[in-house]
file final12.cif (mmCIF, C-alpha atoms)
data_final
#
loop_
_atom_site.group_PDB
_atom_site.id
_atom_site.type_symbol
_atom_site.label_atom_id
_atom_site.label_comp_id
_atom_site.auth_asym_id
_atom_site.auth_seq_id
_atom_site.Cartn_x
_atom_site.Cartn_y
_atom_site.Cartn_z
ATOM 1 C CA MET A 1364 -31.979 68.907 43.158
ATOM 2 C CA ILE A 1365 -31.704 67.711 39.556
ATOM 3 C CA GLU A 1366 -33.259 70.988 38.481
ATOM 4 C CA ALA A 1367 -30.681 73.008 40.423
ATOM 5 C CA LEU A 1368 -27.860 70.993 38.830
ATOM 6 C CA SER A 1369 -29.198 71.315 35.281
ATOM 7 C CA MET A 1370 -28.786 75.148 35.301
ATOM 8 C CA GLY A 1371 -31.722 75.757 32.980
ATOM 9 C CA LYS A 1372 -30.475 74.636 29.574
ATOM 10 C CA TYR A 1373 -26.956 75.870 30.288
ATOM 11 C CA GLY A 1374 -25.678 72.975 32.426
ATOM 12 C CA PHE A 1375 -22.896 72.038 30.022
ATOM 13 C CA TYR A 1376 -21.466 75.559 29.818
ATOM 14 C CA VAL A 1377 -21.692 76.315 33.537
ATOM 15 C CA TRP A 1378 -20.325 72.987 34.756
ATOM 16 C CA THR A 1379 -17.505 72.878 32.216
ATOM 17 C CA SER A 1380 -16.438 76.353 33.388
ATOM 18 C CA TYR A 1381 -16.401 75.435 37.060
ATOM 19 C CA GLY A 1382 -14.770 72.077 36.284
ATOM 20 C CA ALA A 1383 -11.982 73.709 34.279
ATOM 21 C CA PHE A 1384 -11.355 76.104 37.146
ATOM 22 C CA VAL A 1385 -11.046 73.268 39.657
ATOM 23 C CA ALA A 1386 -8.747 71.381 37.260
ATOM 24 C CA PHE A 1387 -6.557 74.478 36.968
ATOM 25 C CA LEU A 1388 -6.276 74.809 40.763
ATOM 26 C CA LEU A 1389 -5.370 71.127 41.019
ATOM 27 C CA TRP A 1390 -2.658 71.521 38.375
ATOM 28 C CA ASP A 1391 -1.337 74.642 40.075
ATOM 29 C CA TRP A 1392 -1.132 72.687 43.337
ATOM 30 C CA LEU A 1393 0.552 69.601 41.911
ATOM 31 C CA ALA A 1394 2.942 70.905 39.229
ATOM 32 C CA PRO A 1395 5.456 72.688 41.538
ATOM 33 C CA ARG A 1396 5.360 69.805 44.002
ATOM 34 C CA TRP A 1397 6.244 67.258 41.320
ATOM 35 C CA GLN A 1398 8.968 69.566 40.078
ATOM 36 C CA ARG A 1399 10.429 69.890 43.570
ATOM 37 C CA ARG A 1400 10.334 66.141 44.179
ATOM 38 C CA ARG A 1401 12.231 65.519 40.938
ATOM 39 C CA LEU A 1402 14.759 68.231 41.778
ATOM 40 C CA LEU A 1403 15.478 66.933 45.291
ATOM 41 C CA ARG A 1404 15.864 63.389 43.939
ATOM 42 C CA ASP A 1405 18.380 64.633 41.354
ATOM 43 C CA ILE A 1406 20.365 66.424 44.045
ATOM 44 C CA GLN A 1407 20.400 63.295 46.226
ATOM 45 C CA GLN A 1408 21.612 61.162 43.320
ATOM 46 C CA ARG A 1409 24.301 63.639 42.405
ATOM 47 C CA GLU A 1410 25.559 63.666 45.972
ATOM 48 C CA ARG A 1411 25.598 59.869 46.140
ATOM 49 C CA ARG A 1412 27.586 59.661 42.899
ATOM 50 C CA GLU A 1413 30.007 62.270 44.186
ATOM 51 C CA ALA A 1414 30.510 60.344 47.444
ATOM 52 C CA ALA A 1415 31.111 57.080 45.553
ATOM 53 C CA ARG A 1416 33.699 58.682 43.312
ATOM 54 C CA GLN A 1417 35.609 60.156 46.223
ATOM 55 C CA LYS A 1418 35.640 56.795 47.976
ATOM 56 C CA LYS A 1419 37.042 55.131 44.842
ATOM 57 C CA GLN A 1420 39.791 57.741 44.525
ATOM 58 C CA LYS A 1421 40.786 57.222 48.148
ATOM 59 C CA ASN A 1422 41.041 53.446 47.676
ATOM 60 C CA ALA A 1423 43.091 53.706 44.496
ATOM 61 C CA MET B 679 17.529 99.360 61.220
ATOM 62 C CA ASN B 680 13.848 99.825 60.509
ATOM 63 C CA PRO B 681 12.207 96.392 61.044
ATOM 64 C CA VAL B 682 10.343 96.525 57.716
ATOM 65 C CA ILE B 683 13.513 97.257 55.796
ATOM 66 C CA ARG B 684 15.356 94.557 57.726
ATOM 67 C CA TRP B 685 12.636 92.066 56.836
ATOM 68 C CA PHE B 686 13.052 92.879 53.135
ATOM 69 C CA HIS B 687 16.804 92.454 53.436
ATOM 70 C CA GLN B 688 16.412 89.075 55.118
ATOM 71 C CA MET B 689 14.024 87.861 52.429
ATOM 72 C CA GLY B 690 16.860 88.343 49.964
ATOM 73 C CA SER B 691 18.608 85.419 51.635
ATOM 74 C CA PRO B 692 17.457 82.175 49.960
ATOM 75 C CA PRO B 693 17.424 79.943 53.105
ATOM 76 C CA ILE B 694 15.432 82.535 55.055
ATOM 77 C CA PHE B 695 12.998 82.940 52.168
ATOM 78 C CA HIS B 696 12.700 79.159 52.000
ATOM 79 C CA ARG B 697 11.626 78.918 55.643
ATOM 80 C CA PHE B 698 9.243 81.844 55.265
ATOM 81 C CA ALA B 699 7.641 80.324 52.161
ATOM 82 C CA ASP B 700 7.363 76.917 53.844
ATOM 83 C CA ARG B 701 5.491 78.418 56.741
ATOM 84 C CA TRP B 702 3.141 80.683 54.804
ATOM 85 C CA SER B 703 2.388 78.948 51.496
ATOM 86 C CA ARG B 704 0.293 76.148 52.943
ATOM 87 C CA TRP B 705 -1.751 78.515 55.108
ATOM 88 C CA LEU B 706 -2.432 80.825 52.186
ATOM 89 C CA LEU B 707 -3.524 77.936 49.966
ATOM 90 C CA LEU B 708 -5.659 76.464 52.757
ATOM 91 C CA ALA B 709 -7.208 79.836 53.558
ATOM 92 C CA ALA B 710 -8.181 80.262 49.904
ATOM 93 C CA LEU B 711 -10.316 77.101 49.851
ATOM 94 C CA PRO B 712 -13.237 78.217 52.073
ATOM 95 C CA PHE B 713 -13.509 81.490 50.118
ATOM 96 C CA LEU B 714 -13.513 79.650 46.782
ATOM 97 C CA ALA B 715 -15.913 76.956 47.984
ATOM 98 C CA TRP B 716 -18.361 79.383 49.593
ATOM 99 C CA GLY B 717 -18.191 81.768 46.643
ATOM 100 C CA ALA B 718 -18.764 78.986 44.110
ATOM 101 C CA TRP B 719 -21.622 77.492 46.143
ATOM 102 C CA SER B 720 -23.281 80.847 46.537
ATOM 103 C CA GLY B 721 -22.761 81.708 42.862
ATOM 104 C CA LEU B 722 -24.139 78.373 41.683
ATOM 105 C CA PHE B 723 -27.075 77.819 44.006
ATOM 106 C CA GLU B 724 -27.938 80.787 46.205
ATOM 107 C CA VAL B 725 -27.868 83.806 43.924
ATOM 108 C CA PRO B 726 -30.957 84.207 41.695
ATOM 109 C CA ALA B 727 -30.719 83.666 37.939
ATOM 110 C CA ASP B 728 -30.200 86.683 35.688
ATOM 111 C CA TYR B 729 -33.383 88.120 34.178
ATOM 112 C CA GLN B 730 -31.975 87.966 30.633
ATOM 113 C CA GLN B 731 -29.239 85.334 30.718
ATOM 114 C CA GLY B 732 -30.875 82.802 33.027
ATOM 115 C CA ASP B 733 -28.396 80.461 34.710
ATOM 116 C CA SER B 734 -25.670 80.880 32.089
ATOM 117 C CA TYR B 735 -24.401 84.059 33.788
ATOM 118 C CA ARG B 736 -23.182 81.949 36.753
ATOM 119 C CA ILE B 737 -19.987 81.523 34.733
ATOM 120 C CA LEU B 738 -19.314 85.141 35.727
ATOM 121 C CA PHE B 739 -18.196 84.093 39.215
ATOM 122 C CA ILE B 740 -15.259 82.200 37.675
ATOM 123 C CA HIS B 741 -14.726 84.360 34.579
ATOM 124 C CA VAL B 742 -14.468 87.798 36.181
ATOM 125 C CA PRO B 743 -12.210 86.928 39.155
ATOM 126 C CA SER B 744 -9.922 85.018 36.759
ATOM 127 C CA ALA B 745 -9.790 88.006 34.422
ATOM 128 C CA TRP B 746 -8.954 90.305 37.331
ATOM 129 C CA MET B 747 -6.200 87.899 38.379
ATOM 130 C CA SER B 748 -4.767 87.692 34.862
ATOM 131 C CA LEU B 749 -4.215 91.475 34.838
ATOM 132 C CA PHE B 750 -3.152 91.690 38.487
ATOM 133 C CA ILE B 751 -0.565 88.925 38.076
ATOM 134 C CA TYR B 752 0.798 90.485 34.899
ATOM 135 C CA GLY B 753 1.195 93.824 36.679
ATOM 136 C CA LEU B 754 2.907 92.207 39.656
ATOM 137 C CA MET B 755 5.203 90.214 37.366
ATOM 138 C CA ALA B 756 6.223 93.455 35.659
ATOM 139 C CA VAL B 757 6.913 95.129 39.013
ATOM 140 C CA TYR B 758 9.144 92.248 40.091
ATOM 141 C CA ALA B 759 10.839 92.244 36.687
ATOM 142 C CA PHE B 760 11.493 95.975 37.001
ATOM 143 C CA ILE B 761 13.029 95.587 40.469
ATOM 144 C CA ALA B 762 15.071 92.618 39.232
ATOM 145 C CA LEU B 763 16.401 94.534 36.240
ATOM 146 C CA VAL B 764 17.241 97.701 38.152
ATOM 147 C CA TRP B 765 18.604 96.314 41.414
ATOM 148 C CA ARG B 766 19.593 92.785 40.323
ATOM 149 C CA ILE B 767 17.846 91.125 43.233
ATOM 150 C CA LYS B 768 17.928 87.383 42.660
ATOM 151 C CA ILE B 769 14.739 86.582 44.535
ATOM 152 C CA CYS B 770 12.792 89.171 42.520
ATOM 153 C CA GLU B 771 13.939 87.574 39.276
ATOM 154 C CA GLN B 772 12.487 84.280 40.421
ATOM 155 C CA LEU B 773 9.320 85.863 41.840
ATOM 156 C CA ALA B 774 8.676 87.419 38.429
ATOM 157 C CA MET B 775 9.245 84.106 36.673
ATOM 158 C CA ALA B 776 7.002 82.273 39.152
ATOM 159 C CA CYS B 777 4.150 84.675 38.318
ATOM 160 C CA ALA B 778 4.120 83.631 34.659
ATOM 161 C CA PRO B 779 2.679 80.080 34.790
ATOM 162 C CA ILE B 780 0.000 81.045 37.320
ATOM 163 C CA GLY B 781 -0.923 84.103 35.263
ATOM 164 C CA ALA B 782 -1.035 82.021 32.096
ATOM 165 C CA GLY B 783 -3.374 79.618 33.880
ATOM 166 C CA PHE B 784 -5.778 82.339 34.983
ATOM 167 C CA THR B 785 -5.686 83.909 31.511
ATOM 168 C CA ALA B 786 -6.455 80.556 29.894
ATOM 169 C CA ILE B 787 -9.362 80.051 32.326
ATOM 170 C CA THR B 788 -10.640 83.547 31.486
ATOM 171 C CA LEU B 789 -10.579 82.807 27.754
ATOM 172 C CA LEU B 790 -12.076 79.338 28.152
ATOM 173 C CA THR B 791 -14.921 80.402 30.439
ATOM 174 C CA GLY B 792 -15.522 83.447 28.241
ATOM 175 C CA SER B 793 -15.840 81.147 25.280
ATOM 176 C CA LEU B 794 -18.208 78.847 27.159
ATOM 177 C CA TRP B 795 -20.305 81.862 28.102
ATOM 178 C CA GLY B 796 -20.149 83.421 24.648
ATOM 179 C CA ARG B 797 -21.432 80.313 22.881
ATOM 180 C CA PRO B 798 -24.954 80.373 24.418
ATOM 181 C CA MET B 799 -25.175 84.197 24.839
ATOM 182 C CA TRP B 800 -23.509 85.601 21.716
ATOM 183 C CA GLY B 801 -23.918 82.525 19.568
ATOM 184 C CA THR B 802 -20.195 82.077 18.985
ATOM 185 C CA TRP B 803 -17.225 80.477 20.752
ATOM 186 C CA TRP B 804 -14.858 83.177 19.577
ATOM 187 C CA THR B 805 -14.796 86.509 17.798
ATOM 188 C CA TRP B 806 -11.925 88.891 17.063
ATOM 189 C CA ASP B 807 -13.264 91.502 19.389
ATOM 190 C CA PRO B 808 -10.853 94.013 21.052
ATOM 191 C CA ARG B 809 -11.379 92.663 24.588
ATOM 192 C CA LEU B 810 -11.019 89.038 23.542
ATOM 193 C CA THR B 811 -8.074 89.682 21.269
ATOM 194 C CA SER B 812 -6.128 91.720 23.827
ATOM 195 C CA GLU B 813 -6.725 89.038 26.465
ATOM 196 C CA LEU B 814 -5.399 86.458 23.996
ATOM 197 C CA VAL B 815 -2.323 88.640 23.505
ATOM 198 C CA LEU B 816 -1.935 88.626 27.303
ATOM 199 C CA LEU B 817 -1.862 84.818 27.212
ATOM 200 C CA PHE B 818 0.809 84.893 24.499
ATOM 201 C CA LEU B 819 2.867 87.336 26.573
ATOM 202 C CA PHE B 820 2.727 85.018 29.581
ATOM 203 C CA LEU B 821 3.681 82.069 27.373
ATOM 204 C CA GLY B 822 6.485 84.109 25.818
ATOM 205 C CA VAL B 823 7.916 84.874 29.257
ATOM 206 C CA ILE B 824 7.724 81.188 30.230
ATOM 207 C CA GLY B 825 9.320 80.119 26.951
ATOM 208 C CA LEU B 826 12.143 82.647 27.018
ATOM 209 C CA ASN B 827 12.907 81.812 30.646
ATOM 210 C CA ALA B 828 13.100 78.123 29.737
ATOM 211 C CA ALA B 829 15.183 78.636 26.593
ATOM 212 C CA ILE B 830 18.304 80.143 28.207
ATOM 213 C CA GLU B 831 20.635 77.900 30.191
ATOM 214 C CA ASP B 832 21.923 80.459 32.716
ATOM 215 C CA ARG B 833 19.023 80.895 35.168
ATOM 216 C CA ARG B 834 19.818 84.507 35.991
ATOM 217 C CA ALA B 835 20.334 85.622 32.393
ATOM 218 C CA ALA B 836 17.120 83.806 31.456
ATOM 219 C CA ALA B 837 15.092 85.559 34.138
ATOM 220 C CA ARG B 838 16.465 88.948 33.133
ATOM 221 C CA ALA B 839 15.730 88.448 29.429
ATOM 222 C CA ALA B 840 12.219 87.176 30.154
ATOM 223 C CA GLY B 841 11.711 90.000 32.645
ATOM 224 C CA PHE B 842 12.566 92.466 29.935
ATOM 225 C CA LEU B 843 9.895 90.931 27.699
ATOM 226 C CA ALA B 844 7.423 91.124 30.595
ATOM 227 C CA LEU B 845 8.127 94.840 30.960
ATOM 228 C CA ILE B 846 7.574 95.565 27.286
ATOM 229 C CA GLY B 847 4.291 93.656 27.398
ATOM 230 C CA VAL B 848 2.910 95.886 30.153
ATOM 231 C CA VAL B 849 1.590 98.103 27.349
ATOM 232 C CA ASN B 850 -1.092 95.480 26.844
ATOM 233 C CA VAL B 851 -2.541 95.705 30.373
ATOM 234 C CA PRO B 852 -4.366 99.043 29.979
ATOM 235 C CA ILE B 853 -5.404 97.948 26.485
ATOM 236 C CA VAL B 854 -7.187 94.924 27.951
ATOM 237 C CA HIS B 855 -8.760 97.015 30.676
ATOM 238 C CA PHE B 856 -9.992 99.910 28.534
ATOM 239 C CA SER B 857 -10.740 97.927 25.367
ATOM 240 C CA VAL B 858 -14.451 97.889 26.217
ATOM 241 C CA GLU B 859 -14.480 101.688 26.413
ATOM 242 C CA TRP B 860 -12.148 102.601 23.561
ATOM 243 C CA TRP B 861 -13.710 100.472 20.862
ATOM 244 C CA ASN B 862 -17.090 99.195 19.835
ATOM 245 C CA THR B 863 -17.171 95.760 21.270
ATOM 246 C CA LEU B 864 -19.447 92.814 21.874
ATOM 247 C CA HIS B 865 -18.070 92.436 25.371
ATOM 248 C CA GLN B 866 -19.995 94.278 28.068
ATOM 249 C CA GLY B 867 -18.376 97.053 30.076
ATOM 250 C CA ALA B 868 -17.496 96.923 33.772
ATOM 251 C CA THR B 869 -20.463 96.651 36.119
ATOM 252 C CA ILE B 870 -18.364 96.674 39.280
ATOM 253 C CA LYS B 871 -16.771 100.012 40.000
ATOM 254 C CA LEU B 872 -14.424 100.853 42.847
ATOM 255 C CA MET B 873 -15.316 104.523 42.442
ATOM 256 C CA GLY B 874 -18.947 105.331 41.894
ATOM 257 C CA GLN B 875 -22.095 103.277 41.549
ATOM 258 C CA SER B 876 -21.861 99.637 40.484
ATOM 259 C CA SER B 877 -24.606 98.524 38.156
ATOM 260 C CA ILE B 878 -24.548 94.849 39.166
ATOM 261 C CA ASP B 879 -27.326 93.469 41.407
ATOM 262 C CA SER B 880 -26.065 93.716 44.985
ATOM 263 C CA ARG B 881 -26.822 90.027 45.683
ATOM 264 C CA MET B 882 -24.377 89.013 42.968
ATOM 265 C CA VAL B 883 -21.516 90.964 44.541
ATOM 266 C CA LEU B 884 -20.933 88.668 47.529
ATOM 267 C CA PRO B 885 -19.956 85.478 45.623
ATOM 268 C CA LEU B 886 -17.890 87.572 43.223
ATOM 269 C CA VAL B 887 -15.942 89.164 46.078
ATOM 270 C CA LEU B 888 -15.515 85.794 47.821
ATOM 271 C CA VAL B 889 -14.012 84.154 44.744
ATOM 272 C CA ALA B 890 -11.857 87.234 44.127
ATOM 273 C CA ILE B 891 -10.413 87.017 47.654
ATOM 274 C CA GLY B 892 -9.976 83.247 47.282
ATOM 275 C CA THR B 893 -8.035 83.566 44.019
ATOM 276 C CA LYS B 894 -5.784 86.273 45.524
ATOM 277 C CA LEU B 895 -4.908 84.092 48.531
ATOM 278 C CA TRP B 896 -4.401 81.061 46.302
ATOM 279 C CA PHE B 897 -2.128 82.997 43.989
ATOM 280 C CA LEU B 898 0.055 84.252 46.851
ATOM 281 C CA GLY B 899 0.446 80.716 48.214
ATOM 282 C CA SER B 900 1.223 79.305 44.789
ATOM 283 C CA LEU B 901 3.689 82.123 44.084
ATOM 284 C CA LEU B 902 5.618 81.285 47.265
ATOM 285 C CA VAL B 903 5.746 77.561 46.435
ATOM 286 C CA ARG B 904 6.896 78.150 42.867
ATOM 287 C CA THR B 905 9.517 80.723 43.836
ATOM 288 C CA GLN B 906 10.768 78.412 46.567
ATOM 289 C CA THR B 907 11.194 75.587 44.055
ATOM 290 C CA ALA B 908 12.979 77.848 41.585
ATOM 291 C CA MET B 909 15.373 79.021 44.313
ATOM 292 C CA LEU B 910 16.105 75.413 45.294
ATOM 293 C CA GLU B 911 17.043 74.722 41.692
ATOM 294 C CA MET B 912 19.240 77.810 41.420
ATOM 295 C CA GLU B 913 21.036 77.045 44.653
ATOM 296 C CA SER B 914 21.209 73.264 44.167
ATOM 297 C CA GLY B 915 24.977 73.216 44.688
ATOM 298 C CA LYS B 916 24.747 74.969 48.069
ATOM 299 C CA ASP B 917 24.898 73.186 51.399
ATOM 300 C CA TRP B 918 21.531 74.367 52.699
ATOM 301 C CA VAL B 919 19.790 72.833 49.665
ATOM 302 C CA LYS B 920 21.751 69.587 49.970
ATOM 303 C CA GLN B 921 20.635 69.363 53.567
ATOM 304 C CA ILE B 922 16.999 69.746 52.530
ATOM 305 C CA ALA B 923 17.498 67.099 49.813
ATOM 306 C CA ARG B 924 18.967 64.699 52.384
ATOM 307 C CA GLY B 925 15.987 65.203 54.635
ATOM 308 C CA ALA B 926 13.396 64.777 51.870
ATOM 309 C CA HIS B 927 11.921 61.386 51.012
ATOM 310 C CA ALA B 928 12.066 61.969 47.318
#

call {"tool": "encode", "arguments": {"input": "final12.cif", "output": "structure tokens"}}
result
Amino acid sequence: MIEALSMGKYGFYVWTSYGAFVAFLLWDWLAPRWQRRRLLRDIQQRERREAARQKKQKNA
Amino acid sequence: MNPVIRWFHQMGSPPIFHRFADRWSRWLLLAALPFLAWGAWSGLFEVPADYQQGDSYRILFIHVPSAWMSLFIYGLMAVYAFIALVWRIKICEQLAMACAPIGAGFTAITLLTGSLWGRPMWGTWWTWDPRLTSELVLLFLFLGVIGLNAAIEDRRAAARAAGFLALIGVVNVPIVHFSVEWWNTLHQGATIKLMGQSSIDSRMVLPLVLVAIGTKLWFLGSLLVRTQTAMLEMESGKDWVKQIARGAHA
């Protein structure tokens, strides 16, 4: 088991490569989702502000 | 109307594209995982070590599929950019722009894993070799497209300008591919050939093909998600986007 994981004397190079690849996939998964969440929140806030302003104008 | 042509016409409508991308992106990303996992497992533990390079060559199963993807994505980005510039199709502008960050990622992984493989095998992290240099130029092209797209306020003008840059940069794609044949280089030539005899050991082909399929599926899923997000941003004043924003727990 340990022997299989050590990859001869190349463990560092092999595991860093595979690790970087997994990290890239994770980033590629998360980045657009965070971006979308921020965008939808901005749109919600803008709408709420718009609604509040219209209400104020009506009352005035 | 021909159903295929009708489908393409419908995809030009942002809300219809949004629903399509919602449905397909998660399945594509999910479908990629077993291919990637099986390919990586097989490449790491099942395939025998190389007779010269020992276990270090196992980096190949990440390095080569990533390199293929870096060129494939650049080509696809250029095709979308061409369509966007000629026919002014909004969705194609955003598809082209969505290719860039994913392509930059795969190119960076190619360079990084190449470096990690080069250190034990060639004795250096980096050398200004034609293959390595042209792949680095590919990374800069991707980054240039991302940067130009981000630098211009008007989303459509930005995508067209960056698309133009993407088209000019296409020159680099055959240079990357043929660099190992045109010049004396440290980098080995292709051992997998679509036409003719491959010189790679047949046992090593399976994990390579699995990871290649996995990265293709992953890319398509990611492309849909990123394009979808870009379209939401472009259309953020429209009612259909406001409705989605109301429904979201952001």

call {"tool": "interface_residues", "arguments": {"input": "final12.cif", "of": "chain A", "to": "chain B", "cutoff": "8 Å", "atoms": "all atoms listed in the file", "output": "PyMOL selection string"}}
result
chain A and resi 1367+1370-1371+1373-1374+1376-1377+1379-1381+1383-1384+1387+1391-1392+1395+1398-1404+1406-1407

call {"tool": "atom_distance", "arguments": {"input": "final12.cif", "atom1": "atom CA of B:Ala828", "atom2": "atom CA of B:Gly781"}}
result
16.2 Å

call {"tool": "atom_distance", "arguments": {"input": "final12.cif", "atom1": "atom CA of B:Ala839", "atom2": "atom CA of B:Val823"}}
result
8.6 Å

call {"tool": "atom_distance", "arguments": {"input": "final12.cif", "atom1": "atom CA of B:Pro693", "atom2": "atom CA of B:Gly892"}}
result
28.2 Å

call {"tool": "resolve_selection", "arguments": {"input": "final12.cif", "expression": "the PyMOL selection byres ((chain B and resi 852) around 12)", "output": "PyMOL selection string"}}
result
chain B and resi 749-750+752-753+809+812-813+816+847-851+853-860

call {"tool": "residues_near_point", "arguments": {"input": "final12.cif", "point": "(11.4, 93.1, 26.8)", "cutoff": "12 Å", "atoms": "only C-alpha atoms", "output": "list in words"}}
result
Ala756, Ala759, Phe760, Leu763, Leu819, Gly822, Val823, Leu826, Ala836, Ala837, Arg838, Ala839, Ala840, Gly841, Phe842, Leu843, Ala844, Leu845, Ile846, Gly847, Val848 and Val849 of chain B

call {"tool": "build_atoms", "arguments": {"input": "final12.cif", "residues": "stretch 689-703 of chain B", "atoms": "N, CA, C and O atoms", "output": "PDB file, in the frame of the given file"}}
result
ATOM      1  N   MET B 689      14.694  88.672  53.456  1.00  0.00           N
ATOM      2  CA  MET B 689      14.024  87.861  52.429  1.00  0.00           C
ATOM      3  C   MET B 689      14.911  87.673  51.199  1.00  0.00           C
ATOM      4  O   MET B 689      14.680  86.781  50.388  1.00  0.00           O
ATOM      5  N   GLY B 690      15.913  88.516  51.061  1.00  0.00           N
ATOM      6  CA  GLY B 690      16.860  88.343  49.964  1.00  0.00           C
ATOM      7  C   GLY B 690      17.754  87.135  50.159  1.00  0.00           C
ATOM      8  O   GLY B 690      18.390  86.667  49.213  1.00  0.00           O
ATOM      9  N   SER B 691      17.788  86.604  51.370  1.00  0.00           N
ATOM     10  CA  SER B 691      18.608  85.419  51.635  1.00  0.00           C
ATOM     11  C   SER B 691      17.802  84.163  51.330  1.00  0.00           C
ATOM     12  O   SER B 691      16.755  83.934  51.939  1.00  0.00           O
ATOM     13  N   PRO B 692      18.254  83.328  50.375  1.00  0.00           N
ATOM     14  CA  PRO B 692      17.457  82.175  49.960  1.00  0.00           C
ATOM     15  C   PRO B 692      17.025  81.232  51.085  1.00  0.00           C
ATOM     16  O   PRO B 692      15.859  80.843  51.122  1.00  0.00           O
ATOM     17  N   PRO B 693      17.916  80.857  52.062  1.00  0.00           N
ATOM     18  CA  PRO B 693      17.424  79.943  53.105  1.00  0.00           C
ATOM     19  C   PRO B 693      16.341  80.575  53.972  1.00  0.00           C
ATOM     20  O   PRO B 693      15.390  79.897  54.365  1.00  0.00           O
ATOM     21  N   ILE B 694      16.453  81.872  54.235  1.00  0.00           N
ATOM     22  CA  ILE B 694      15.432  82.535  55.055  1.00  0.00           C
ATOM     23  C   ILE B 694      14.124  82.622  54.279  1.00  0.00           C
ATOM     24  O   ILE B 694      13.052  82.353  54.805  1.00  0.00           O
ATOM     25  N   PHE B 695      14.213  82.937  52.986  1.00  0.00           N
ATOM     26  CA  PHE B 695      12.998  82.940  52.168  1.00  0.00           C
ATOM     27  C   PHE B 695      12.363  81.553  52.136  1.00  0.00           C
ATOM     28  O   PHE B 695      11.146  81.410  52.201  1.00  0.00           O
ATOM     29  N   HIS B 696      13.200  80.534  52.053  1.00  0.00           N
ATOM     30  CA  HIS B 696      12.700  79.159  52.000  1.00  0.00           C
ATOM     31  C   HIS B 696      11.857  78.838  53.231  1.00  0.00           C
ATOM     32  O   HIS B 696      10.757  78.301  53.116  1.00  0.00           O
ATOM     33  N   ARG B 697      12.373  79.190  54.402  1.00  0.00           N
ATOM     34  CA  ARG B 697      11.626  78.918  55.643  1.00  0.00           C
ATOM     35  C   ARG B 697      10.336  79.723  55.691  1.00  0.00           C
ATOM     36  O   ARG B 697       9.281  79.201  56.066  1.00  0.00           O
ATOM     37  N   PHE B 698      10.427  80.989  55.283  1.00  0.00           N
ATOM     38  CA  PHE B 698       9.243  81.844  55.265  1.00  0.00           C
ATOM     39  C   PHE B 698       8.171  81.259  54.340  1.00  0.00           C
ATOM     40  O   PHE B 698       6.989  81.151  54.705  1.00  0.00           O
ATOM     41  N   ALA B 699       8.599  80.850  53.139  1.00  0.00           N
ATOM     42  CA  ALA B 699       7.641  80.324  52.161  1.00  0.00           C
ATOM     43  C   ALA B 699       7.033  79.016  52.647  1.00  0.00           C
ATOM     44  O   ALA B 699       5.849  78.749  52.462  1.00  0.00           O
ATOM     45  N   ASP B 700       7.857  78.175  53.294  1.00  0.00           N
ATOM     46  CA  ASP B 700       7.363  76.917  53.844  1.00  0.00           C
ATOM     47  C   ASP B 700       6.229  77.168  54.824  1.00  0.00           C
ATOM     48  O   ASP B 700       5.207  76.499  54.802  1.00  0.00           O
ATOM     49  N   ARG B 701       6.466  78.157  55.693  1.00  0.00           N
ATOM     50  CA  ARG B 701       5.491  78.418  56.741  1.00  0.00           C
ATOM     51  C   ARG B 701       4.211  78.996  56.158  1.00  0.00           C
ATOM     52  O   ARG B 701       3.119  78.590  56.532  1.00  0.00           O
ATOM     53  N   TRP B 702       4.318  79.932  55.231  1.00  0.00           N
ATOM     54  CA  TRP B 702       3.141  80.683  54.804  1.00  0.00           C
ATOM     55  C   TRP B 702       2.385  80.078  53.637  1.00  0.00           C
ATOM     56  O   TRP B 702       1.177  80.237  53.526  1.00  0.00           O
ATOM     57  N   SER B 703       3.072  79.386  52.722  1.00  0.00           N
ATOM     58  CA  SER B 703       2.388  78.948  51.496  1.00  0.00           C
ATOM     59  C   SER B 703       1.202  78.049  51.804  1.00  0.00           C
ATOM     60  O   SER B 703       0.123  78.226  51.263  1.00  0.00           O
TER      61      SER B 703
END
